[in-house]
Amino acid sequence: MTRRVFLIVLDSFGVGYMPDAAGFGDEGADTLSSCFNTGKLWVPNMKSLGLFNIEGVSVGEKTSAPMGAYLRISERSKGKDTTTGHWEIAGITSEKPFPTFPDGFPEEVIAKFRHATGRGVLCNKPYSGTKVIADYGEEHIRTGDLIVYTSADSVFQIAAHESVVPPEKLYEYCRIAREILTGDYAVGRVIARPFEGEFPFTRTPRRHDFSLLPPKDTMLDCLSKQGLDVIGIGKIYDIFAGKGLTKYVRDIGNICNMSHTASYQSIPFNGLCFTNLVDFDMQYGHRRDPVGYANALNEFDVWLGGFMERMQPDDVLIITADHGCDPCFSGTDHTREHVPVLLYGAGIKPVDLGTRACFGDIGATVLDLLGAPGKLDGESFANKITK
């Protein structure tokens, strides 16, 4: 029986637009193709697992003898953001999208926030995270007012210079915002965005996300209630507000998160290691940098080769994504795409599973692989891939 599952989310690594993508303004988006068309993509390990054999993938060379099971999955939820995608992977379908605020947050929200924090508010509109501190940072330092902004995602972001608002105080303001943002204003995440230095300012690694609590039990809860280990690496703690996790390492970028995942591979445990690699999305997708995205995939693939060599006979590796963010598409938003699923392990059959209709199939499959009961949105395909 499977003792350990390593579930790695390549944040935003879509493999082609979904049939309903036009309704999201995303028809034609294809993150994988955009990376491949740079001429820089070299991912022999993911290729060996069947990446280019996946249904609908039109780039790359197929392998004649895939080493693992492979498929693509459609998102059932009405969204294309990080929280929605991860929640669905873990077994919660979101019928209603999280609210977004393309014109900024209403005065009702901002007035409550000003009153509760005792500070003024700057910006209050969609903005690039690096540009907003360039445009408002000096005024923030002069006045002490908080830089509040959003994006195409369902987020309420607060930027502050660490010399004006220490990170712990900024986190307190985020908790205040989280309490205010309920009902029709219940954004998926409130995000602390500390920065430092003199103009041009630099964002620090002390970002922190404050997410909504999942409305019901997820894959994480089902596993931890059975006494299994549930380890979250990267954004996982923030996305699930810690619910269901038994251990965690907060986000510090792809390199460190891959290193922590490898460290847990060398430690005996029973259960799930759930890793998010955010840089694909944050550093390259949103910034529309296809060469950077391709190089980051190459870097992951090199690491993957060593990880696969060190896997134990009862380990299962699952590589997937939570949405797309085509680095060659218009704008800077996520894109509504299918996501890939690559599965590998000594007990996994090399089989093509075509296209499935719900990210939650991944969570249901994880429960079956680890022998844990639970009712999730999604259907297990464990019986189709195990030898």
# chains A, B, ... in the order shown; residues from 1 in each chain; ligands from 1

call {"tool": "residues_around", "arguments": {"residues": "A:Pro327", "least_positions_apart": "3", "cutoff": "12 Å", "atoms": "only C-alpha atoms", "output": "JSON, numbers by chain"}}
result
{"A": [12, 13, 14, 29, 30, 31, 32, 33, 34, 35, 36, 37, 38, 280, 281, 282, 283, 284, 285, 286, 287, 288, 289, 290, 291, 292, 293, 294, 324, 330, 331, 332, 333, 334, 335]}

call {"tool": "write_last_selection", "arguments": {"atoms": "N, CA and C atoms", "output": "compact mmCIF listing (two decimals), in the first residue's frame"}}
result
# COMPACT_ATOMS: atom_id res chain seq x y z
N SER A 12 0.16 27.54 -11.77
CA SER A 12 -0.24 28.19 -13.02
C SER A 12 0.18 27.44 -14.29
N PHE A 13 0.68 26.21 -14.19
CA PHE A 13 1.19 25.50 -15.37
C PHE A 13 0.04 24.82 -16.14
N GLY A 14 -0.71 25.61 -16.87
CA GLY A 14 -1.82 25.09 -17.67
C GLY A 14 -1.33 24.44 -18.95
N ALA A 29 -5.57 30.58 -24.81
CA ALA A 29 -4.47 30.53 -23.84
C ALA A 29 -3.87 29.13 -23.76
N ASP A 30 -2.57 29.04 -23.60
CA ASP A 30 -1.89 27.75 -23.51
C ASP A 30 -0.50 27.98 -22.91
N THR A 31 -0.41 27.84 -21.60
CA THR A 31 0.84 28.12 -20.90
C THR A 31 1.98 27.22 -21.37
N LEU A 32 1.72 25.91 -21.48
CA LEU A 32 2.77 24.99 -21.92
C LEU A 32 3.28 25.36 -23.31
N SER A 33 2.37 25.62 -24.25
CA SER A 33 2.80 25.95 -25.61
C SER A 33 3.64 27.23 -25.64
N SER A 34 3.23 28.23 -24.85
CA SER A 34 3.99 29.48 -24.84
C SER A 34 5.41 29.26 -24.33
N CYS A 35 5.55 28.40 -23.33
CA CYS A 35 6.89 28.09 -22.82
C CYS A 35 7.69 27.30 -23.86
N PHE A 36 7.04 26.33 -24.50
CA PHE A 36 7.73 25.50 -25.49
C PHE A 36 8.19 26.34 -26.68
N ASN A 37 7.36 27.29 -27.08
CA ASN A 37 7.66 28.08 -28.28
C ASN A 37 8.79 29.08 -28.07
N THR A 38 9.28 29.21 -26.85
CA THR A 38 10.48 30.04 -26.65
C THR A 38 11.72 29.37 -27.21
N PHE A 280 6.45 30.02 -10.66
CA PHE A 280 5.96 29.95 -12.05
C PHE A 280 4.90 31.01 -12.29
N ASP A 281 4.01 31.17 -11.34
CA ASP A 281 2.90 32.11 -11.45
C ASP A 281 3.36 33.53 -11.13
N MET A 282 3.93 33.71 -9.96
CA MET A 282 4.22 35.06 -9.45
C MET A 282 5.35 35.75 -10.21
N GLN A 283 6.41 35.00 -10.49
CA GLN A 283 7.59 35.62 -11.11
C GLN A 283 7.51 35.68 -12.64
N TYR A 284 6.82 34.69 -13.25
CA TYR A 284 6.90 34.57 -14.71
C TYR A 284 5.55 34.65 -15.42
N GLY A 285 4.52 34.02 -14.90
CA GLY A 285 3.22 34.07 -15.55
C GLY A 285 2.63 35.46 -15.54
N HIS A 286 2.45 36.02 -14.34
CA HIS A 286 1.86 37.35 -14.21
C HIS A 286 2.71 38.42 -14.87
N ARG A 287 4.01 38.21 -14.84
CA ARG A 287 4.92 39.21 -15.43
C ARG A 287 5.14 38.98 -16.92
N ARG A 288 4.42 38.00 -17.45
CA ARG A 288 4.45 37.69 -18.90
C ARG A 288 5.88 37.55 -19.41
N ASP A 289 6.57 36.61 -18.77
CA ASP A 289 7.98 36.32 -19.08
C ASP A 289 8.09 34.85 -19.50
N PRO A 290 7.85 34.53 -20.78
CA PRO A 290 7.86 33.13 -21.20
C PRO A 290 9.22 32.47 -21.09
N VAL A 291 10.30 33.21 -21.34
CA VAL A 291 11.63 32.62 -21.24
C VAL A 291 11.94 32.29 -19.78
N GLY A 292 11.61 33.20 -18.87
CA GLY A 292 11.81 32.94 -17.45
C GLY A 292 10.99 31.75 -16.99
N TYR A 293 9.76 31.65 -17.48
CA TYR A 293 8.88 30.52 -17.13
C TYR A 293 9.50 29.21 -17.61
N ALA A 294 9.94 29.20 -18.88
CA ALA A 294 10.54 27.98 -19.44
C ALA A 294 11.79 27.58 -18.65
N GLY A 324 -4.11 28.20 -15.16
CA GLY A 324 -3.09 28.63 -16.09
C GLY A 324 -2.68 30.07 -15.83
N SER A 330 -2.60 38.13 -23.42
CA SER A 330 -2.82 39.54 -23.13
C SER A 330 -3.05 39.75 -21.63
N GLY A 331 -2.77 40.96 -21.17
CA GLY A 331 -2.98 41.28 -19.77
C GLY A 331 -1.98 40.59 -18.86
N THR A 332 -2.35 40.51 -17.58
CA THR A 332 -1.47 39.88 -16.58
C THR A 332 -2.21 38.86 -15.73
N ASP A 333 -3.44 38.53 -16.10
CA ASP A 333 -4.30 37.69 -15.27
C ASP A 333 -4.00 36.20 -15.48
N HIS A 334 -4.51 35.38 -14.56
CA HIS A 334 -4.54 33.93 -14.77
C HIS A 334 -5.35 33.61 -16.01
N THR A 335 -5.18 32.40 -16.52
CA THR A 335 -5.93 31.96 -17.70
C THR A 335 -6.66 30.65 -17.39

call {"tool": "residues_around", "arguments": {"residues": "stretch 108-125 of chain A", "least_positions_apart": "4", "cutoff": "8 Å", "atoms": "only C-alpha atoms", "output": "compact mmCIF listing (two decimals) with all heavy atoms, in the first residue's frame"}}
result
# COMPACT_ATOMS: atom_id res chain seq x y z
N PHE A 101 -12.67 43.01 -7.57
CA PHE A 101 -13.00 44.43 -7.45
C PHE A 101 -12.20 45.25 -8.46
O PHE A 101 -11.22 45.92 -8.11
CB PHE A 101 -12.75 44.89 -6.01
CG PHE A 101 -13.63 44.20 -5.01
CD1 PHE A 101 -13.22 43.01 -4.43
CD2 PHE A 101 -14.88 44.70 -4.71
CE1 PHE A 101 -14.04 42.35 -3.52
CE2 PHE A 101 -15.72 44.05 -3.81
CZ PHE A 101 -15.30 42.87 -3.22
N PRO A 102 -12.61 45.18 -9.74
CA PRO A 102 -11.87 45.87 -10.80
C PRO A 102 -11.86 47.39 -10.66
O PRO A 102 -11.01 48.05 -11.26
CB PRO A 102 -12.58 45.43 -12.08
CG PRO A 102 -13.94 44.98 -11.63
CD PRO A 102 -13.75 44.41 -10.27
N ASP A 103 -12.79 47.93 -9.86
CA ASP A 103 -12.82 49.38 -9.63
C ASP A 103 -12.36 49.75 -8.23
O ASP A 103 -12.57 50.87 -7.75
CB ASP A 103 -14.24 49.92 -9.86
CG ASP A 103 -14.74 49.65 -11.27
OD1 ASP A 103 -13.97 49.88 -12.22
OD2 ASP A 103 -15.89 49.18 -11.41
N GLY A 104 -11.74 48.80 -7.54
CA GLY A 104 -11.34 49.04 -6.16
C GLY A 104 -12.44 48.65 -5.20
O GLY A 104 -13.56 48.30 -5.60
N VAL A 132 3.02 49.43 -7.67
CA VAL A 132 2.25 50.18 -6.66
C VAL A 132 3.17 50.76 -5.60
O VAL A 132 2.95 51.88 -5.11
CB VAL A 132 1.14 49.29 -6.04
CG1 VAL A 132 1.70 48.34 -4.99
CG2 VAL A 132 0.03 50.14 -5.45
N TYR A 136 3.41 54.72 -4.99
CA TYR A 136 2.82 55.21 -3.73
C TYR A 136 3.75 55.06 -2.53
O TYR A 136 3.41 55.52 -1.43
CB TYR A 136 1.52 54.44 -3.44
CG TYR A 136 0.39 54.75 -4.38
CD1 TYR A 136 0.17 53.98 -5.52
CD2 TYR A 136 -0.47 55.82 -4.13
CE1 TYR A 136 -0.87 54.26 -6.39
CE2 TYR A 136 -1.52 56.12 -5.00
CZ TYR A 136 -1.71 55.33 -6.12
OH TYR A 136 -2.75 55.61 -6.98
N HIS A 140 3.41 56.92 1.14
CA HIS A 140 3.13 56.08 2.30
C HIS A 140 4.11 56.37 3.44
O HIS A 140 3.71 56.51 4.61
CB HIS A 140 3.23 54.60 1.89
CG HIS A 140 3.55 53.66 3.01
ND1 HIS A 140 2.64 53.33 3.99
CD2 HIS A 140 4.70 53.00 3.31
CE1 HIS A 140 3.21 52.49 4.84
NE2 HIS A 140 4.46 52.27 4.45
N GLY A 144 2.24 57.70 6.45
CA GLY A 144 1.86 56.53 7.25
C GLY A 144 0.61 55.85 6.77
O GLY A 144 0.18 54.84 7.35
N ASP A 145 -0.01 56.37 5.69
CA ASP A 145 -1.19 55.72 5.13
C ASP A 145 -0.81 54.38 4.51
O ASP A 145 0.30 54.22 3.99
CB ASP A 145 -1.84 56.61 4.05
CG ASP A 145 -2.40 57.90 4.61
OD1 ASP A 145 -2.52 58.00 5.85
OD2 ASP A 145 -2.70 58.81 3.82
N LEU A 146 -1.74 53.44 4.55
CA LEU A 146 -1.50 52.09 4.02
C LEU A 146 -1.82 52.03 2.53
O LEU A 146 -2.81 52.61 2.08
CB LEU A 146 -2.34 51.07 4.77
CG LEU A 146 -2.08 50.97 6.28
CD1 LEU A 146 -3.16 50.13 6.95
CD2 LEU A 146 -0.70 50.38 6.55
N ILE A 147 -0.99 51.32 1.79
CA ILE A 147 -1.24 51.11 0.36
C ILE A 147 -2.14 49.88 0.23
O ILE A 147 -1.72 48.76 0.51
CB ILE A 147 0.07 50.90 -0.41
CG1 ILE A 147 1.03 52.07 -0.19
CG2 ILE A 147 -0.22 50.71 -1.90
CD1 ILE A 147 2.43 51.83 -0.73
N VAL A 148 -3.37 50.11 -0.19
CA VAL A 148 -4.33 49.02 -0.37
C VAL A 148 -4.61 48.89 -1.87
O VAL A 148 -4.90 49.88 -2.54
CB VAL A 148 -5.65 49.31 0.38
CG1 VAL A 148 -6.72 48.28 0.02
CG2 VAL A 148 -5.41 49.30 1.89
N TYR A 149 -4.48 47.67 -2.37
CA TYR A 149 -4.72 47.47 -3.80
C TYR A 149 -5.23 46.05 -4.03
O TYR A 149 -5.23 45.20 -3.13
CB TYR A 149 -3.45 47.74 -4.61
CG TYR A 149 -2.29 46.81 -4.36
CD1 TYR A 149 -1.92 45.85 -5.30
CD2 TYR A 149 -1.54 46.90 -3.19
CE1 TYR A 149 -0.85 45.01 -5.08
CE2 TYR A 149 -0.46 46.07 -2.96
CZ TYR A 149 -0.11 45.11 -3.91
OH TYR A 149 0.95 44.28 -3.69
N THR A 150 -5.68 45.80 -5.23
CA THR A 150 -6.18 44.47 -5.59
C THR A 150 -5.57 44.08 -6.94
O THR A 150 -4.60 44.69 -7.39
CB THR A 150 -7.72 44.45 -5.61
OG1 THR A 150 -8.18 43.11 -5.82
CG2 THR A 150 -8.30 45.37 -6.68
N SER A 151 -6.11 43.05 -7.55
CA SER A 151 -5.65 42.61 -8.86
C SER A 151 -6.82 41.95 -9.56
O SER A 151 -7.97 42.08 -9.12
CB SER A 151 -4.48 41.62 -8.72
OG SER A 151 -4.94 40.37 -8.24
N TYR A 173 -3.08 44.28 10.79
CA TYR A 173 -3.99 45.00 9.91
C TYR A 173 -4.66 44.04 8.92
O TYR A 173 -5.84 44.21 8.56
CB TYR A 173 -3.24 46.09 9.14
CG TYR A 173 -2.72 47.22 9.99
CD1 TYR A 173 -1.60 47.97 9.60
CD2 TYR A 173 -3.33 47.57 11.19
CE1 TYR A 173 -1.12 49.02 10.37
CE2 TYR A 173 -2.85 48.62 11.98
CZ TYR A 173 -1.75 49.33 11.56
OH TYR A 173 -1.28 50.36 12.33
N ILE A 176 -7.47 42.32 10.63
CA ILE A 176 -8.61 43.25 10.71
C ILE A 176 -9.38 43.24 9.39
O ILE A 176 -10.61 43.14 9.36
CB ILE A 176 -8.12 44.66 11.05
CG1 ILE A 176 -7.65 44.72 12.50
CG2 ILE A 176 -9.22 45.70 10.80
CD1 ILE A 176 -6.91 46.01 12.86
N ALA A 177 -8.64 43.34 8.28
CA ALA A 177 -9.29 43.32 6.96
C ALA A 177 -10.02 42.00 6.72
O ALA A 177 -11.14 41.98 6.18
CB ALA A 177 -8.26 43.55 5.87
N ILE A 180 -13.32 42.10 8.29
CA ILE A 180 -14.24 43.02 7.60
C ILE A 180 -14.77 42.41 6.31
O ILE A 180 -15.94 42.58 5.95
CB ILE A 180 -13.53 44.36 7.30
CG1 ILE A 180 -13.23 45.10 8.60
CG2 ILE A 180 -14.35 45.22 6.35
CD1 ILE A 180 -12.31 46.31 8.42
N LEU A 181 -13.92 41.66 5.61
CA LEU A 181 -14.24 41.17 4.27
C LEU A 181 -15.02 39.86 4.35
O LEU A 181 -14.48 38.77 4.20
CB LEU A 181 -12.96 41.01 3.46
CG LEU A 181 -12.26 42.34 3.16
CD1 LEU A 181 -10.81 42.13 2.78
CD2 LEU A 181 -13.00 43.10 2.07

call {"tool": "atom_distance", "arguments": {"atom1": "atom CA of A:Pro44", "atom2": "atom CA of A:Ile8"}}
result
17.5 Å

call {"tool": "residues_around", "arguments": {"residues": "A:Ser224", "least_positions_apart": "5", "cutoff": "10 Å", "atoms": "only C-alpha atoms", "output": "PyMOL selection string"}}
result
chain A and resi 219+229-231+243-246+271-272+372

call {"tool": "residues_around", "arguments": {"residues": "A:Asp322", "least_positions_apart": "3", "cutoff": "7 Å", "atoms": "only C-alpha atoms", "output": "number ranges by chain"}}
result
A: 9, 11-12, 82, 85-86, 339

call {"tool": "write_last_selection", "arguments": {"atoms": "C-alpha atoms", "output": "PDB file, in the first residue's frame"}}
result
ATOM      1  CA  VAL A   9       1.525  21.929  -7.700  1.00  0.00           C
ATOM      2  CA  ASP A  11       1.438  27.020  -9.765  1.00  0.00           C
ATOM      3  CA  SER A  12      -0.238  28.186 -13.024  1.00  0.00           C
ATOM      4  CA  THR A  82      -5.131  29.996  -6.595  1.00  0.00           C
ATOM      5  CA  GLY A  85      -7.874  25.697  -7.790  1.00  0.00           C
ATOM      6  CA  HIS A  86      -6.252  24.308  -4.652  1.00  0.00           C
ATOM      7  CA  VAL A 339      -4.082  21.352 -15.899  1.00  0.00           C
TER       8      VAL A 339
END

call {"tool": "closest_residue", "arguments": {"among": "A:Glu179, A:Arg336, A:Val59, A:Leu49", "to": "A:Ala22", "atoms": "only C-alpha atoms"}}
result
A:Arg336

call {"tool": "closest_residue", "arguments": {"among": "A:Glu55, A:Glu61, A:Glu172, A:Asp81", "to": "A:Val187", "atoms": "only C-alpha atoms"}}
result
A:Asp81

call {"tool": "residues_around", "arguments": {"residues": "A:Gln265", "least_positions_apart": "3", "cutoff": "8 Å", "atoms": "only C-alpha atoms", "output": "list in words"}}
result
Thr261, Ala262, Pro268, Arg310 and Met311 of chain A

call {"tool": "write_last_selection", "arguments": {"atoms": "all heavy atoms", "output": "PDB file, in the first residue's frame"}}
result
ATOM      1  N   THR A 261      10.870  19.882   0.158  1.00  0.00           N
ATOM      2  CA  THR A 261      10.199  18.663  -0.288  1.00  0.00           C
ATOM      3  C   THR A 261      11.170  17.497  -0.325  1.00  0.00           C
ATOM      4  O   THR A 261      10.863  16.384   0.125  1.00  0.00           O
ATOM      5  CB  THR A 261       9.557  18.883  -1.677  1.00  0.00           C
ATOM      6  OG1 THR A 261       8.673  20.009  -1.623  1.00  0.00           O
ATOM      7  CG2 THR A 261       8.775  17.660  -2.125  1.00  0.00           C
ATOM      8  N   ALA A 262      12.365  17.741  -0.854  1.00  0.00           N
ATOM      9  CA  ALA A 262      13.393  16.695  -0.882  1.00  0.00           C
ATOM     10  C   ALA A 262      13.796  16.280   0.529  1.00  0.00           C
ATOM     11  O   ALA A 262      14.069  15.097   0.784  1.00  0.00           O
ATOM     12  CB  ALA A 262      14.606  17.185  -1.665  1.00  0.00           C
ATOM     13  N   PRO A 268      11.182   9.487   7.298  1.00  0.00           N
ATOM     14  CA  PRO A 268      10.030   8.564   7.308  1.00  0.00           C
ATOM     15  C   PRO A 268       8.761   9.280   7.786  1.00  0.00           C
ATOM     16  O   PRO A 268       8.770   9.964   8.806  1.00  0.00           O
ATOM     17  CB  PRO A 268      10.450   7.481   8.307  1.00  0.00           C
ATOM     18  CG  PRO A 268      11.936   7.589   8.417  1.00  0.00           C
ATOM     19  CD  PRO A 268      12.249   9.038   8.216  1.00  0.00           C
ATOM     20  N   ARG A 310      15.302   8.971  -5.936  1.00  0.00           N
ATOM     21  CA  ARG A 310      15.321   8.705  -4.499  1.00  0.00           C
ATOM     22  C   ARG A 310      13.985   8.187  -3.957  1.00  0.00           C
ATOM     23  O   ARG A 310      13.879   7.921  -2.752  1.00  0.00           O
ATOM     24  CB  ARG A 310      15.712   9.974  -3.748  1.00  0.00           C
ATOM     25  CG  ARG A 310      17.137  10.456  -4.024  1.00  0.00           C
ATOM     26  CD  ARG A 310      17.514  11.603  -3.112  1.00  0.00           C
ATOM     27  NE  ARG A 310      16.641  12.759  -3.279  1.00  0.00           N
ATOM     28  CZ  ARG A 310      16.853  13.729  -4.162  1.00  0.00           C
ATOM     29  NH1 ARG A 310      17.905  13.688  -4.970  1.00  0.00           N
ATOM     30  NH2 ARG A 310      16.027  14.750  -4.240  1.00  0.00           N
ATOM     31  N   MET A 311      12.986   8.040  -4.812  1.00  0.00           N
ATOM     32  CA  MET A 311      11.681   7.584  -4.328  1.00  0.00           C
ATOM     33  C   MET A 311      11.735   6.155  -3.805  1.00  0.00           C
ATOM     34  O   MET A 311      12.440   5.307  -4.357  1.00  0.00           O
ATOM     35  CB  MET A 311      10.637   7.700  -5.442  1.00  0.00           C
ATOM     36  CG  MET A 311      10.191   9.138  -5.702  1.00  0.00           C
ATOM     37  SD  MET A 311       9.036   9.301  -7.086  1.00  0.00           S
ATOM     38  CE  MET A 311       7.635   8.337  -6.480  1.00  0.00           C
TER      39      MET A 311
END

call {"tool": "select_by_dssp", "arguments": {"residues": "stretch 143-284 of chain A", "states": "strand (DSSP E)", "output": "count of residues only"}}
result
43

call {"tool": "select_by_dssp", "arguments": {"residues": "stretch 58-305 of chain A", "states": "alpha helix (DSSP H)", "output": "number ranges by chain"}}
result
A: 82-89, 107-117, 129-143, 167-180, 219-225, 236-239, 254-265, 279, 290-305

call {"tool": "closest_residue", "arguments": {"among": "A:Asp279, A:Gln226, A:Leu367, A:Gly56", "to": "A:Ile252", "atoms": "only C-alpha atoms"}}
result
A:Asp279

call {"tool": "residues_around", "arguments": {"residues": "A:Pro167", "least_positions_apart": "2", "cutoff": "10 Å", "atoms": "only C-alpha atoms", "output": "PyMOL selection string"}}
result
chain A and resi 160-165+169-173+192-195+204+206-208

call {"tool": "write_last_selection", "arguments": {"atoms": "N, CA, C and O atoms", "output": "short mmCIF file (atom, residue, chain, number, x, y, z; two decimals), in the first residue's frame"}}
result
data_model
loop_
_atom_site.label_atom_id
_atom_site.label_comp_id
_atom_site.auth_asym_id
_atom_site.auth_seq_id
_atom_site.Cartn_x
_atom_site.Cartn_y
_atom_site.Cartn_z
N ALA A 160 3.21 47.94 2.90
CA ALA A 160 3.73 48.91 3.86
C ALA A 160 5.23 48.74 4.00
O ALA A 160 5.74 47.61 3.97
N HIS A 161 5.93 49.85 4.17
CA HIS A 161 7.39 49.81 4.39
C HIS A 161 7.65 49.32 5.81
O HIS A 161 7.00 49.75 6.77
N GLU A 162 8.61 48.43 5.95
CA GLU A 162 8.85 47.82 7.25
C GLU A 162 9.33 48.81 8.30
O GLU A 162 9.17 48.56 9.51
N SER A 163 9.88 49.94 7.89
CA SER A 163 10.29 50.96 8.85
C SER A 163 9.10 51.79 9.34
O SER A 163 9.18 52.43 10.39
N VAL A 164 8.01 51.77 8.59
CA VAL A 164 6.80 52.51 8.95
C VAL A 164 5.81 51.60 9.67
O VAL A 164 5.22 51.98 10.69
N VAL A 165 5.64 50.41 9.14
CA VAL A 165 4.73 49.42 9.72
C VAL A 165 5.50 48.10 9.82
O VAL A 165 5.69 47.41 8.81
N LYS A 169 2.82 44.17 12.79
CA LYS A 169 1.72 45.14 12.80
C LYS A 169 0.94 45.05 11.49
O LYS A 169 -0.29 45.14 11.48
N LEU A 170 1.66 44.87 10.39
CA LEU A 170 0.99 44.70 9.09
C LEU A 170 0.11 43.46 9.11
O LEU A 170 -1.01 43.48 8.58
N TYR A 171 0.59 42.38 9.71
CA TYR A 171 -0.23 41.17 9.81
C TYR A 171 -1.49 41.44 10.64
O TYR A 171 -2.57 40.91 10.34
N GLU A 172 -1.35 42.26 11.68
CA GLU A 172 -2.52 42.62 12.50
C GLU A 172 -3.55 43.36 11.64
O GLU A 172 -4.76 43.10 11.72
N TYR A 173 -3.08 44.28 10.79
CA TYR A 173 -3.99 45.00 9.91
C TYR A 173 -4.66 44.04 8.92
O TYR A 173 -5.84 44.21 8.56
N ALA A 192 -0.48 40.42 3.06
CA ALA A 192 0.49 41.41 3.55
C ALA A 192 1.65 41.48 2.58
O ALA A 192 2.25 40.46 2.23
N ARG A 193 2.00 42.72 2.15
CA ARG A 193 3.07 42.92 1.16
C ARG A 193 4.10 43.90 1.70
O ARG A 193 4.18 45.06 1.26
N PRO A 194 4.94 43.49 2.65
CA PRO A 194 5.94 44.41 3.18
C PRO A 194 7.04 44.71 2.16
O PRO A 194 7.38 43.88 1.33
N PHE A 195 7.57 45.93 2.26
CA PHE A 195 8.71 46.29 1.40
C PHE A 195 9.71 47.10 2.23
O PHE A 195 9.46 47.47 3.38
N THR A 204 9.95 42.49 0.46
CA THR A 204 10.69 41.55 1.31
C THR A 204 10.03 40.18 1.25
O THR A 204 8.89 40.04 0.79
N ARG A 206 8.76 38.61 3.58
CA ARG A 206 7.84 38.42 4.71
C ARG A 206 6.38 38.62 4.33
O ARG A 206 5.55 39.00 5.15
N ARG A 207 6.08 38.36 3.08
CA ARG A 207 4.68 38.29 2.64
C ARG A 207 3.93 37.26 3.48
O ARG A 207 4.47 36.23 3.86
N HIS A 208 2.66 37.51 3.71
CA HIS A 208 1.84 36.52 4.41
C HIS A 208 0.40 36.63 3.90
O HIS A 208 -0.13 37.72 3.75
#

call {"tool": "residues_around", "arguments": {"residues": "A:Pro340", "least_positions_apart": "3", "cutoff": "7 Å", "atoms": "only C-alpha atoms", "output": "ChimeraX atom specification"}}
result
/A:14-15,71-73,320-321

call {"tool": "write_last_selection", "arguments": {"atoms": "N, CA and C atoms", "output": "PDB file, in the first residue's frame"}}
result
ATOM      1  N   GLY A  14      -0.713  25.612 -16.866  1.00  0.00           N
ATOM      2  CA  GLY A  14      -1.816  25.087 -17.673  1.00  0.00           C
ATOM      3  C   GLY A  14      -1.333  24.438 -18.950  1.00  0.00           C
ATOM      4  N   VAL A  15      -2.197  23.586 -19.539  1.00  0.00           N
ATOM      5  CA  VAL A  15      -1.830  22.890 -20.780  1.00  0.00           C
ATOM      6  C   VAL A  15      -2.877  23.116 -21.877  1.00  0.00           C
ATOM      7  N   LEU A  71      -2.660  12.552 -17.619  1.00  0.00           N
ATOM      8  CA  LEU A  71      -3.987  13.025 -18.023  1.00  0.00           C
ATOM      9  C   LEU A  71      -4.018  14.536 -17.902  1.00  0.00           C
ATOM     10  N   ARG A  72      -5.125  15.113 -18.349  1.00  0.00           N
ATOM     11  CA  ARG A  72      -5.397  16.515 -18.056  1.00  0.00           C
ATOM     12  C   ARG A  72      -6.762  16.574 -17.376  1.00  0.00           C
ATOM     13  N   ILE A  73      -6.969  17.630 -16.586  1.00  0.00           N
ATOM     14  CA  ILE A  73      -8.214  17.760 -15.836  1.00  0.00           C
ATOM     15  C   ILE A  73      -8.775  19.163 -16.052  1.00  0.00           C
ATOM     16  N   THR A 320       0.939  18.419 -10.703  1.00  0.00           N
ATOM     17  CA  THR A 320      -0.237  19.020 -11.322  1.00  0.00           C
ATOM     18  C   THR A 320      -0.117  20.545 -11.259  1.00  0.00           C
ATOM     19  N   ALA A 321      -1.231  21.246 -11.494  1.00  0.00           N
ATOM     20  CA  ALA A 321      -1.282  22.711 -11.422  1.00  0.00           C
ATOM     21  C   ALA A 321      -2.657  23.118 -10.905  1.00  0.00           C
TER      22      ALA A 321
END

call {"tool": "atom_distance", "arguments": {"atom1": "atom CA of A:Lys225", "atom2": "atom CA of A:Pro373"}}
result
9.6 Å

call {"tool": "atom_distance", "arguments": {"atom1": "atom CA of A:Phe269", "atom2": "atom CA of A:Phe240"}}
result
21.3 Å
